Each structure stands twice: as structure tokens, then as C-alpha cells.
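A.B. asks: You'll find data_13.txt just under this line, and it carries compact mmCIF, C-alpha atoms and all ligand atoms.
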```
# COMPACT_ATOMS: atom_id res chain seq x y z
CA MET A 154 0.00 0.00 0.00
CA SER A 155 1.16 3.58 -0.53
CA ALA A 156 0.76 6.98 1.08
CA VAL A 157 0.35 8.77 -2.25
CA ALA A 158 -2.82 10.69 -3.03
CA TRP A 159 -5.86 8.79 -4.29
CA PRO A 160 -6.14 9.69 -7.99
CA LEU A 161 -9.84 8.96 -8.55
CA PRO A 162 -12.92 11.14 -7.92
CA ALA A 163 -15.66 10.28 -5.41
CA VAL A 164 -18.02 8.91 -8.08
CA LEU A 165 -17.10 6.62 -10.97
CA ALA A 166 -19.52 5.62 -13.71
CA HIS A 167 -19.53 1.80 -13.93
CA ARG A 168 -18.61 0.23 -17.30
CA CYS A 169 -18.09 3.71 -18.85
CA GLY A 170 -21.59 5.19 -18.69
CA GLY A 171 -23.38 3.08 -16.11
CA ALA A 172 -26.91 2.08 -17.04
CA LEU A 173 -27.39 5.14 -19.25
CA ALA A 174 -25.57 3.84 -22.34
CA PRO A 175 -24.40 0.51 -23.74
CA GLU A 176 -21.81 -0.72 -21.28
CA ASN A 177 -18.09 -0.43 -22.03
CA THR A 178 -18.46 1.83 -25.07
CA LEU A 179 -17.18 5.24 -26.10
CA ALA A 180 -20.81 6.41 -26.12
CA GLY A 181 -20.88 5.63 -22.40
CA LEU A 182 -17.86 7.86 -21.83
CA SER A 183 -19.63 10.77 -23.54
CA VAL A 184 -22.74 10.22 -21.40
CA ALA A 185 -20.66 10.11 -18.21
CA ALA A 186 -18.75 13.27 -19.10
CA ALA A 187 -21.93 15.12 -20.10
CA LEU A 188 -23.39 14.34 -16.66
CA GLY A 189 -20.37 15.88 -14.98
CA CYS A 190 -18.61 12.63 -14.04
CA ARG A 191 -14.90 13.01 -13.58
CA GLY A 192 -14.09 9.30 -13.64
CA VAL A 193 -15.18 5.94 -15.01
CA GLU A 194 -14.60 2.23 -14.47
CA PHE A 195 -14.31 -0.20 -17.40
CA ASP A 196 -13.26 -3.82 -18.05
CA VAL A 197 -10.39 -4.95 -20.29
CA MET A 198 -9.83 -8.37 -21.91
CA LEU A 199 -7.58 -9.62 -24.73
CA SER A 200 -8.79 -10.51 -28.22
CA ALA A 201 -7.57 -13.73 -29.86
CA ASP A 202 -4.72 -11.76 -31.43
CA GLY A 203 -3.72 -10.24 -28.10
CA VAL A 204 -5.21 -6.75 -28.44
CA PRO A 205 -6.71 -5.30 -25.24
CA VAL A 206 -10.39 -4.48 -25.78
CA VAL A 207 -13.07 -3.10 -23.48
CA ILE A 208 -15.76 -5.66 -22.63
CA HIS A 209 -17.10 -7.31 -19.48
CA ASP A 210 -18.20 -10.84 -20.40
CA GLU A 211 -16.00 -13.65 -21.71
CA THR A 212 -18.37 -13.88 -24.68
CA VAL A 213 -19.77 -11.18 -26.94
CA ASP A 214 -23.25 -12.74 -26.81
CA ARG A 215 -24.95 -10.42 -24.30
CA THR A 216 -23.59 -7.04 -25.36
CA THR A 217 -23.19 -7.31 -29.15
CA ASP A 218 -25.00 -8.76 -32.15
CA GLY A 219 -22.38 -11.52 -32.45
CA ARG A 220 -21.63 -14.80 -30.73
CA GLY A 221 -18.50 -16.40 -29.37
CA CYS A 222 -15.65 -16.00 -26.92
CA VAL A 223 -13.71 -12.73 -26.92
CA SER A 224 -10.49 -14.74 -26.59
CA ALA A 225 -11.36 -16.70 -29.76
CA LEU A 226 -12.20 -13.66 -31.91
CA SER A 227 -9.63 -11.44 -33.61
CA LEU A 228 -9.74 -7.68 -33.27
CA ALA A 229 -10.98 -7.45 -36.87
CA GLU A 230 -13.85 -9.84 -36.02
CA LEU A 231 -14.70 -7.96 -32.82
CA ARG A 232 -14.72 -4.62 -34.64
CA ARG A 233 -17.41 -5.84 -37.05
CA LEU A 234 -19.87 -6.31 -34.18
CA ASP A 235 -22.52 -3.83 -33.11
CA ALA A 236 -22.05 -3.16 -29.40
CA GLY A 237 -24.77 -0.56 -29.08
CA ALA A 238 -27.98 -1.69 -30.77
CA TRP A 239 -28.96 -3.95 -27.85
CA ARG A 240 -29.48 -0.76 -25.81
CA GLY A 241 -31.70 0.87 -28.41
CA PRO A 242 -31.57 2.37 -31.89
CA ALA A 243 -29.94 5.58 -30.66
CA PHE A 244 -26.78 3.56 -29.97
CA ALA A 245 -26.83 1.35 -33.09
CA GLY A 246 -23.48 1.15 -34.84
CA GLU A 247 -21.47 1.64 -31.65
CA ARG A 248 -18.28 -0.45 -31.89
CA LEU A 249 -16.54 -2.52 -29.26
CA PRO A 250 -13.68 -0.20 -28.30
CA THR A 251 -10.01 -1.02 -27.95
CA LEU A 252 -8.24 -0.08 -24.75
CA VAL A 253 -6.16 2.49 -26.64
CA GLU A 254 -9.10 4.40 -28.06
CA THR A 255 -10.89 4.26 -24.72
CA LEU A 256 -7.87 5.72 -22.94
CA GLU A 257 -7.53 8.42 -25.60
CA ARG A 258 -11.20 9.37 -25.22
CA CYS A 259 -10.93 9.43 -21.41
CA ALA A 260 -7.92 11.73 -21.70
CA SER A 261 -9.71 14.09 -24.07
CA LEU A 262 -12.83 14.16 -21.86
CA GLY A 263 -10.78 14.63 -18.68
CA LEU A 264 -12.05 11.37 -17.17
CA ALA A 265 -9.95 9.55 -14.57
CA VAL A 266 -9.85 5.77 -15.03
CA ASN A 267 -10.38 2.73 -12.87
CA LEU A 268 -9.21 0.09 -15.34
CA GLU A 269 -10.42 -3.36 -14.33
CA ILE A 270 -8.20 -6.11 -15.75
CA LYS A 271 -10.76 -8.79 -16.62
CA PRO A 272 -8.84 -11.74 -18.05
CA ALA A 273 -10.56 -14.45 -20.04
CA THR A 274 -10.07 -17.83 -18.37
CA GLY A 275 -6.41 -18.84 -18.59
CA HIS A 276 -5.21 -15.41 -19.71
CA ASP A 277 -4.56 -13.77 -16.35
CA VAL A 278 -0.84 -13.16 -16.75
CA ASP A 279 -0.78 -12.02 -20.38
CA THR A 280 -3.76 -9.70 -19.85
CA GLY A 281 -2.14 -8.01 -16.84
CA ARG A 282 1.14 -7.62 -18.70
CA VAL A 283 -0.33 -6.31 -21.98
CA VAL A 284 -2.60 -3.80 -20.23
CA VAL A 285 0.32 -2.22 -18.42
CA GLU A 286 2.60 -2.30 -21.47
CA THR A 287 -0.14 -0.43 -23.33
CA LEU A 288 -0.55 2.15 -20.57
CA LEU A 289 3.18 2.77 -20.60
CA GLN A 290 3.04 3.87 -24.24
CA GLY A 291 2.18 7.38 -23.02
CA PHE A 292 -1.53 6.72 -22.43
CA ALA A 293 -1.35 6.70 -18.63
CA ASP A 294 0.44 10.04 -18.54
CA ALA A 295 -2.43 11.70 -20.43
CA LEU A 296 -5.04 10.71 -17.82
CA THR A 297 -6.13 12.83 -14.88
CA GLY A 298 -5.97 9.73 -12.67
CA LEU A 299 -5.56 5.95 -12.91
CA VAL A 300 -6.05 2.91 -10.69
CA LEU A 301 -5.81 -0.64 -12.03
CA SER A 302 -7.92 -3.28 -10.33
CA SER A 303 -8.70 -6.96 -10.75
CA PHE A 304 -10.29 -9.97 -9.10
CA SER A 305 -7.36 -11.89 -10.58
CA GLU A 306 -4.38 -11.88 -8.28
CA SER A 307 -2.22 -13.34 -11.08
CA SER A 308 -3.17 -10.44 -13.35
CA LEU A 309 -2.33 -7.89 -10.66
CA ALA A 310 1.02 -9.55 -9.94
CA ALA A 311 1.87 -9.62 -13.65
CA ALA A 312 0.84 -5.99 -14.08
CA ARG A 313 2.78 -4.82 -11.06
CA ALA A 314 5.85 -6.74 -12.22
CA VAL A 315 5.87 -4.58 -15.37
CA CYS A 316 5.14 -1.30 -13.56
CA PRO A 317 5.12 -1.06 -9.75
CA ASP A 318 4.53 2.71 -9.98
CA PHE A 319 0.83 2.59 -10.88
CA GLN A 320 -1.78 2.34 -8.14
CA TYR A 321 -3.48 -1.04 -7.85
CA GLY A 322 -6.65 -2.29 -6.21
CA LEU A 323 -7.60 -5.86 -5.34
CA LEU A 324 -11.25 -6.62 -6.08
CA PHE A 325 -13.33 -8.75 -3.77
CA GLY A 326 -16.95 -9.78 -3.55
CA GLU A 327 -17.49 -10.62 0.09
CA LEU A 328 -14.24 -9.88 1.91
CA PRO A 329 -12.46 -13.16 2.68
CA GLU A 330 -10.89 -13.66 6.08
CA ASP A 331 -7.41 -13.53 4.59
CA TRP A 332 -7.98 -10.29 2.63
CA GLY A 333 -5.11 -8.55 4.43
CA THR A 334 -2.60 -11.28 3.64
CA ARG A 335 -3.61 -11.35 0.00
CA ALA A 336 -3.59 -7.57 -0.41
CA GLY A 337 -0.27 -7.34 1.42
CA ALA A 338 1.36 -9.97 -0.79
CA LEU A 339 0.34 -8.02 -3.89
CA GLN A 340 1.34 -4.66 -2.38
CA VAL A 341 -1.88 -3.06 -3.63
CA ASP A 342 -2.95 0.43 -2.62
CA ALA A 343 -6.68 -0.19 -2.48
CA ILE A 344 -9.41 -2.71 -1.81
CA HIS A 345 -12.36 -2.60 -4.23
CA ALA A 346 -15.27 -4.19 -2.43
CA ASP A 347 -18.87 -5.14 -3.18
CA THR A 348 -21.07 -2.57 -1.50
CA ARG A 349 -23.51 -5.28 -0.33
CA TYR A 350 -20.93 -6.62 2.09
CA LEU A 351 -19.60 -3.30 3.40
CA SER A 352 -20.40 -1.75 6.77
CA ALA A 353 -19.01 1.25 8.62
CA ALA A 354 -16.86 -1.14 10.66
CA THR A 355 -15.49 -2.94 7.59
CA VAL A 356 -14.57 0.30 5.84
CA ALA A 357 -12.86 1.50 9.02
CA GLN A 358 -10.93 -1.77 9.22
CA LEU A 359 -9.72 -1.38 5.63
CA ARG A 360 -8.82 2.27 6.11
CA ASP A 361 -7.06 1.58 9.42
CA ALA A 362 -4.95 -1.03 7.64
CA GLY A 363 -3.83 1.74 5.27
CA TYR A 364 -5.89 0.89 2.20
CA ARG A 365 -7.95 3.14 0.01
CA VAL A 366 -11.45 1.81 -0.59
CA ALA A 367 -13.59 1.75 -3.71
CA ALA A 368 -17.11 0.32 -3.50
CA TYR A 369 -19.13 -1.20 -6.35
CA THR A 370 -21.95 -1.03 -7.48
CA GLU A 371 -24.12 1.46 -5.58
CA ASN A 372 -27.06 2.98 -7.41
CA ASP A 373 -28.98 4.41 -4.47
CA PRO A 374 -27.94 8.04 -3.86
CA VAL A 375 -28.64 7.85 -0.12
CA LEU A 376 -26.57 4.69 0.30
CA ALA A 377 -23.80 6.12 -1.89
CA THR A 378 -23.62 9.14 0.38
CA ARG A 379 -23.48 6.84 3.40
CA LEU A 380 -20.55 4.93 1.85
CA ARG A 381 -18.69 8.21 1.47
CA ARG A 382 -19.44 9.11 5.09
CA TRP A 383 -17.98 5.77 6.15
CA GLY A 384 -14.72 6.66 4.38
CA VAL A 385 -15.08 5.06 0.94
CA ASP A 386 -12.85 6.95 -1.49
CA SER A 387 -14.74 6.18 -4.71
CA VAL A 388 -18.26 4.88 -5.28
CA ILE A 389 -18.77 3.01 -8.56
CA THR A 390 -22.31 3.38 -9.87
CA ASP A 391 -24.62 2.52 -12.76
CA ARG A 392 -26.63 5.66 -11.97
CA PRO A 393 -24.19 8.57 -12.07
CA ASP A 394 -27.15 10.77 -12.98
CA VAL A 395 -28.59 10.53 -9.46
CA VAL A 396 -25.58 9.48 -7.37
CA LEU A 397 -23.31 12.29 -8.52
CA ASP A 398 -25.54 15.11 -7.31
CA SER A 399 -26.24 13.43 -4.00
CA VAL A 400 -22.59 12.77 -3.21
CA ILE A 401 -21.49 16.26 -4.26
CA MET A 402 -24.27 17.98 -2.30
CA THR A 403 -23.36 16.15 0.88
CA ALA A 404 -19.58 16.44 0.45
O1 LIG B 1 -14.69 -2.85 -10.75
C1 LIG B 1 -15.89 -2.92 -10.06
C2 LIG B 1 -16.88 -3.80 -10.74
O2 LIG B 1 -16.93 -3.49 -12.11
C3 LIG B 1 -16.57 -5.25 -10.57
O3 LIG B 1 -17.57 -6.08 -11.05
O4 LIG B 1 -18.47 -7.65 -12.71
O5 LIG B 1 -19.08 -5.25 -12.84
O6 LIG B 1 -16.79 -5.99 -13.45
P1 LIG B 1 -17.98 -6.25 -12.58
MG MG B 2 -15.81 -4.06 -13.83
```
I need this file expressed as C-alpha cells, please.
Ligand code: G3P
Ligand code: MG

C.D. replies:
Amino acid sequence: MSAVAWPLPAVLAHRCGGALAPENTLAGLSVAAALGCRGVEFDVMLSADGVPVVIHDETVDRTTDGRGCVSALSLAELRRLDAGAWRGPAFAGERLPTLVETLERCASLGLAVNLEIKPATGHDVDTGRVVVETLLQGFADALTGLVLSSFSESSLAAARAVCPDFQYGLLFGELPEDWGTRAGALQVDAIHADTRYLSAATVAQLRDAGYRVAAYTENDPVLATRLRRWGVDSVITDRPDVVLDSVIMTA
């Protein structure tokens, strides 16, 4: 863990634009920025030809008009898919973005980034490594803030081995008993925890141990404000439209 400043704002739109746009798309970034968000979370996986792309599921079935595993499709095949039409005609033609174009758009919109490394099964190490190698090509420097997170401890270790200078967060669902040992071994700066399992006491325990805390996914403005009062550094939400105002007004 580190004593450096936390680089993310209090509210992050989940999967680029939360529930207000097709998830993990450039359209989502525009929606988030237009609402006044200063940061977003998104998920990164490798295509079959090793290009980091922004998508949540291991398959394209739910969020595009195609079928198949992301790790079995080339970038060219992924780029032919429509990643927006499933959320309505206004988003038809939206493409599945690469990590590079997503980082470039975040930089131009002034959005800080919580990049979740989301490896397809069996690709933990190469995904962690490639994500950081990409960030080091000048893209991280252009961002207003950056934290890398993952449920995959192998991905985080691989990422940190390439660049120990970024800030890292270990993602958990329910906090396991050995969370401190695992976070300590990885030398992460933050714990990213499922809001359903957080309490004032748990947040205090994490903060007292020296970790920053991000909480996902809180869509209720009152509960989001309560998380902030407990000491959560960043609340990740699908409803930045209502959570943002509430958190700012009570700051
Ligand atoms: O990074 C927080 C959150 O996105 C983790 O869950 O499944 O939405 O990626 P998931
Ligand atoms: Mg995520």
C-alpha cells in the first residue's frame, strides 16, 4: 500500500456510462462526461490476437450482435460487431472499443480511469502484462488519474511486475478472512469491495490497515452518500445521474 494521493474522484460511472448507455463503449464515456462525471470504471480483456479491448463478459453474446468468446475472436472480427444496438436504436453502430481508443477518449474528456483487468479464463498473466505495457506507451500520462484493479491476483502480480509505480486495487466480492494477507502480498494500494458486504466497521478496518477503498456497485444516492461518510474513497455506480448530485451535495 502507498501513502500517495488517491487519484480517482468520489463517483465513478460503472462500465463507462453506467446504465445510461451501452456498457463499455465510447458512447458511455460521452454520457458520463456530459453528466459531470470526472471518472469511469471499465473492463479490459484480450482478443484472440492479443489486443486489449473493453468488454465485461467472456463472450460477446450479451452485449453485441455476435456470438463467441472474446479470446477466440480477432480484433478485426470484434470490430465488425454492433455493441450498441442492444441498448436501443440511438446507440446502433457503436463499436466494441479497444483499450487504446478508450484511454484516448478518457484523456480528451478529462475522465480519470479505474481500469479493471478482466482476463478471459487462462489469460490472467498475459492480460495483466499487456494492459500495463499499453498504458506505458504514453496513455497513462495523459489521464487525470488511474487505478488498475482486478479480481485476478495473477493479473495484478503480472501488471505490477511490469510497472510497480501505478496504483493497484484488489477486487473482492465478500471480503475473505485472509484479505489482508492477500492484499499485502500483492502490495496493492486499495481494496475494491462489493457494497452489499460493506459496513461502517469494515470500511474503518480497511482504512485503518492503510488501504484506500472503492465500492461497487451502488445505485442508491442515499446509500452512496453513506458509503462516502464511512470513508469510501470512490463509489462506482450505474446511476451517475442521481448518485453524482447526491454525493457532491453532501460532500
Ligand atoms: O470494478 C468494479 C466492478 O466493475 C466489478 O464487477 O463484474 O461489474 O466488473 P464487474
Ligand atoms: Mg468491472

A.B. asks: So which one's closest to ligand LIG 1 (chain B), A:Arg379, A:His209, A:Arg335, A:Arg215? Using only C-alpha atoms and all ligand atoms, please.

C.D. replies: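 The closest residue to ligand LIG 1 (chain B) is A:His209.
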
A.B. asks: What's the separation between CA of Trp383 (chain A) and CA of Leu264 (chain A), in Å to one decimal place?

C.D. replies: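 Distance reported for this atom pair: 24.7 Å.
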
A.B. asks: Counting only C-alpha atoms and all ligand atoms, which of A:Leu249, A:Ala260, A:Ala238, A:Val193 gets nearest to ligand MG 2 (chain B)?

C.D. replies: A:Val193

A.B. asks: Can you check which parts of chain A lie within 7 Å of ligand MG 2 (chain B)? Per residue, the shortest pair of atoms and distance in Å to one decimal, counting all atoms listed in the file, sorted by chain and number, as a Markdown table.

C.D. replies:
```
| residue | atom | partner | partner_atom | distance |
| --- | --- | --- | --- | --- |
| A:His167 | CA | B:MG2 | MG | 6.9 |
| A:Arg168 | CA | B:MG2 | MG | 6.2 |
| A:Glu194 | CA | B:MG2 | MG | 6.4 |
| A:Phe195 | CA | B:MG2 | MG | 5.5 |
| A:Asp196 | CA | B:MG2 | MG | 4.9 |
| A:His209 | CA | B:MG2 | MG | 6.6 |
| A:Glu269 | CA | B:MG2 | MG | 5.5 |
```

A.B. asks: Could you write those residues out with C-alpha atoms, as a PDB file, in the coordinates of the input?

C.D. replies:
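result_24.pdb, freshly written:
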```pdb
ATOM      1  CA  HIS A 167     -19.530   1.800 -13.930  1.00  0.00           C
ATOM      2  CA  ARG A 168     -18.610   0.230 -17.300  1.00  0.00           C
ATOM      3  CA  GLU A 194     -14.600   2.230 -14.470  1.00  0.00           C
ATOM      4  CA  PHE A 195     -14.310  -0.200 -17.400  1.00  0.00           C
ATOM      5  CA  ASP A 196     -13.260  -3.820 -18.050  1.00  0.00           C
ATOM      6  CA  HIS A 209     -17.100  -7.310 -19.480  1.00  0.00           C
ATOM      7  CA  GLU A 269     -10.420  -3.360 -14.330  1.00  0.00           C
TER       8      GLU A 269
END
```

A.B. asks: Tell me which of A:Gly237, A:Ser352, A:Asp373, A:Glu211 sits closest to Val385 (chain A), counting only C-alpha atoms.

C.D. replies: A:Ser352

A.B. asks: Which chains and residue numbers are within 12 Å of ligand LIG 1 (chain B), counting only C-alpha atoms and all ligand atoms, if I want them as a PDB file with C-alpha atoms, in the frame of the given file?

C.D. replies:
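What landed in part06.pdb:
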```pdb
ATOM      1  CA  LEU A 165     -17.100   6.620 -10.970  1.00  0.00           C
ATOM      2  CA  ALA A 166     -19.520   5.620 -13.710  1.00  0.00           C
ATOM      3  CA  HIS A 167     -19.530   1.800 -13.930  1.00  0.00           C
ATOM      4  CA  ARG A 168     -18.610   0.230 -17.300  1.00  0.00           C
ATOM      5  CA  CYS A 169     -18.090   3.710 -18.850  1.00  0.00           C
ATOM      6  CA  GLY A 170     -21.590   5.190 -18.690  1.00  0.00           C
ATOM      7  CA  GLY A 171     -23.380   3.080 -16.110  1.00  0.00           C
ATOM      8  CA  ALA A 172     -26.910   2.080 -17.040  1.00  0.00           C
ATOM      9  CA  GLU A 176     -21.810  -0.720 -21.280  1.00  0.00           C
ATOM     10  CA  ASN A 177     -18.090  -0.430 -22.030  1.00  0.00           C
ATOM     11  CA  VAL A 193     -15.180   5.940 -15.010  1.00  0.00           C
ATOM     12  CA  GLU A 194     -14.600   2.230 -14.470  1.00  0.00           C
ATOM     13  CA  PHE A 195     -14.310  -0.200 -17.400  1.00  0.00           C
ATOM     14  CA  ASP A 196     -13.260  -3.820 -18.050  1.00  0.00           C
ATOM     15  CA  VAL A 197     -10.390  -4.950 -20.290  1.00  0.00           C
ATOM     16  CA  MET A 198      -9.830  -8.370 -21.910  1.00  0.00           C
ATOM     17  CA  VAL A 207     -13.070  -3.100 -23.480  1.00  0.00           C
ATOM     18  CA  ILE A 208     -15.760  -5.660 -22.630  1.00  0.00           C
ATOM     19  CA  HIS A 209     -17.100  -7.310 -19.480  1.00  0.00           C
ATOM     20  CA  ASP A 210     -18.200 -10.840 -20.400  1.00  0.00           C
ATOM     21  CA  GLU A 211     -16.000 -13.650 -21.710  1.00  0.00           C
ATOM     22  CA  VAL A 266      -9.850   5.770 -15.030  1.00  0.00           C
ATOM     23  CA  ASN A 267     -10.380   2.730 -12.870  1.00  0.00           C
ATOM     24  CA  LEU A 268      -9.210   0.090 -15.340  1.00  0.00           C
ATOM     25  CA  GLU A 269     -10.420  -3.360 -14.330  1.00  0.00           C
ATOM     26  CA  ILE A 270      -8.200  -6.110 -15.750  1.00  0.00           C
ATOM     27  CA  LYS A 271     -10.760  -8.790 -16.620  1.00  0.00           C
ATOM     28  CA  PRO A 272      -8.840 -11.740 -18.050  1.00  0.00           C
ATOM     29  CA  VAL A 300      -6.050   2.910 -10.690  1.00  0.00           C
ATOM     30  CA  LEU A 301      -5.810  -0.640 -12.030  1.00  0.00           C
ATOM     31  CA  SER A 302      -7.920  -3.280 -10.330  1.00  0.00           C
ATOM     32  CA  SER A 303      -8.700  -6.960 -10.750  1.00  0.00           C
ATOM     33  CA  PHE A 304     -10.290  -9.970  -9.100  1.00  0.00           C
ATOM     34  CA  SER A 305      -7.360 -11.890 -10.580  1.00  0.00           C
ATOM     35  CA  TYR A 321      -3.480  -1.040  -7.850  1.00  0.00           C
ATOM     36  CA  GLY A 322      -6.650  -2.290  -6.210  1.00  0.00           C
ATOM     37  CA  LEU A 323      -7.600  -5.860  -5.340  1.00  0.00           C
ATOM     38  CA  LEU A 324     -11.250  -6.620  -6.080  1.00  0.00           C
ATOM     39  CA  PHE A 325     -13.330  -8.750  -3.770  1.00  0.00           C
ATOM     40  CA  GLY A 326     -16.950  -9.780  -3.550  1.00  0.00           C
ATOM     41  CA  GLU A 327     -17.490 -10.620   0.090  1.00  0.00           C
ATOM     42  CA  ALA A 343      -6.680  -0.190  -2.480  1.00  0.00           C
ATOM     43  CA  ILE A 344      -9.410  -2.710  -1.810  1.00  0.00           C
ATOM     44  CA  HIS A 345     -12.360  -2.600  -4.230  1.00  0.00           C
ATOM     45  CA  ALA A 346     -15.270  -4.190  -2.430  1.00  0.00           C
ATOM     46  CA  ASP A 347     -18.870  -5.140  -3.180  1.00  0.00           C
ATOM     47  CA  THR A 348     -21.070  -2.570  -1.500  1.00  0.00           C
ATOM     48  CA  VAL A 366     -11.450   1.810  -0.590  1.00  0.00           C
ATOM     49  CA  ALA A 367     -13.590   1.750  -3.710  1.00  0.00           C
ATOM     50  CA  ALA A 368     -17.110   0.320  -3.500  1.00  0.00           C
ATOM     51  CA  TYR A 369     -19.130  -1.200  -6.350  1.00  0.00           C
ATOM     52  CA  THR A 370     -21.950  -1.030  -7.480  1.00  0.00           C
ATOM     53  CA  GLU A 371     -24.120   1.460  -5.580  1.00  0.00           C
ATOM     54  CA  SER A 387     -14.740   6.180  -4.710  1.00  0.00           C
ATOM     55  CA  VAL A 388     -18.260   4.880  -5.280  1.00  0.00           C
ATOM     56  CA  ILE A 389     -18.770   3.010  -8.560  1.00  0.00           C
ATOM     57  CA  THR A 390     -22.310   3.380  -9.870  1.00  0.00           C
ATOM     58  CA  ASP A 391     -24.620   2.520 -12.760  1.00  0.00           C
TER      59      ASP A 391
END
```

A.B. asks: Would you kindly identify which residues have an atom no farther than 6 Å from (-6.6, -2.4, -27.5), using all atoms listed in the file and the file's own coordinates, and write them out as a ChimeraX atom specification?

C.D. replies: /A:204-206,251-253

A.B. asks: Between A:Leu289, A:Ala377, A:Cys190, A:Leu173, which is the closest to Ala243 (chain A) once you count only C-alpha atoms?

C.D. replies: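 Nearest to Ala243 (chain A): A:Leu173.
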
A.B. asks: Would you kindly return, as JSON, numbers by chain, each protein, DNA or RNA residue with an atom no farther than 7 Å from any atom of Ala174 (chain A), considering only C-alpha atoms and excluding same-chain residues fewer than 6 positions away?

C.D. replies: {"A": [180, 181, 240]}

A.B. asks: Could you check how far CA of Asp218 (chain A) sits from CA of Leu234 (chain A), in Å to one decimal?

C.D. replies: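 Computing the Euclidean distance for CA of Asp218 (chain A) and CA of Leu234 (chain A) yields 6.0 Å.
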
A.B. asks: Of the candidates A:Val157, A:Leu226, A:Leu296, A:Leu339, which shows the shortest atom-to-atom distance to Arg258 (chain A), using only C-alpha atoms?

C.D. replies: A:Leu296

A.B. asks: Quick one, how far is CA of Thr217 (chain A) from CA of Ser200 (chain A)?

C.D. replies: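 One can read the CA of Thr217 (chain A) to CA of Ser200 (chain A) distance as 14.8 Å.
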
A.B. asks: Between A:Arg282, A:Pro329, A:Ala273, A:Gly263, single out the one closest to Leu161 (chain A), counting only C-alpha atoms.

C.D. replies: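 Looking at the shortest contact to Leu161 (chain A), the residue is A:Gly263.
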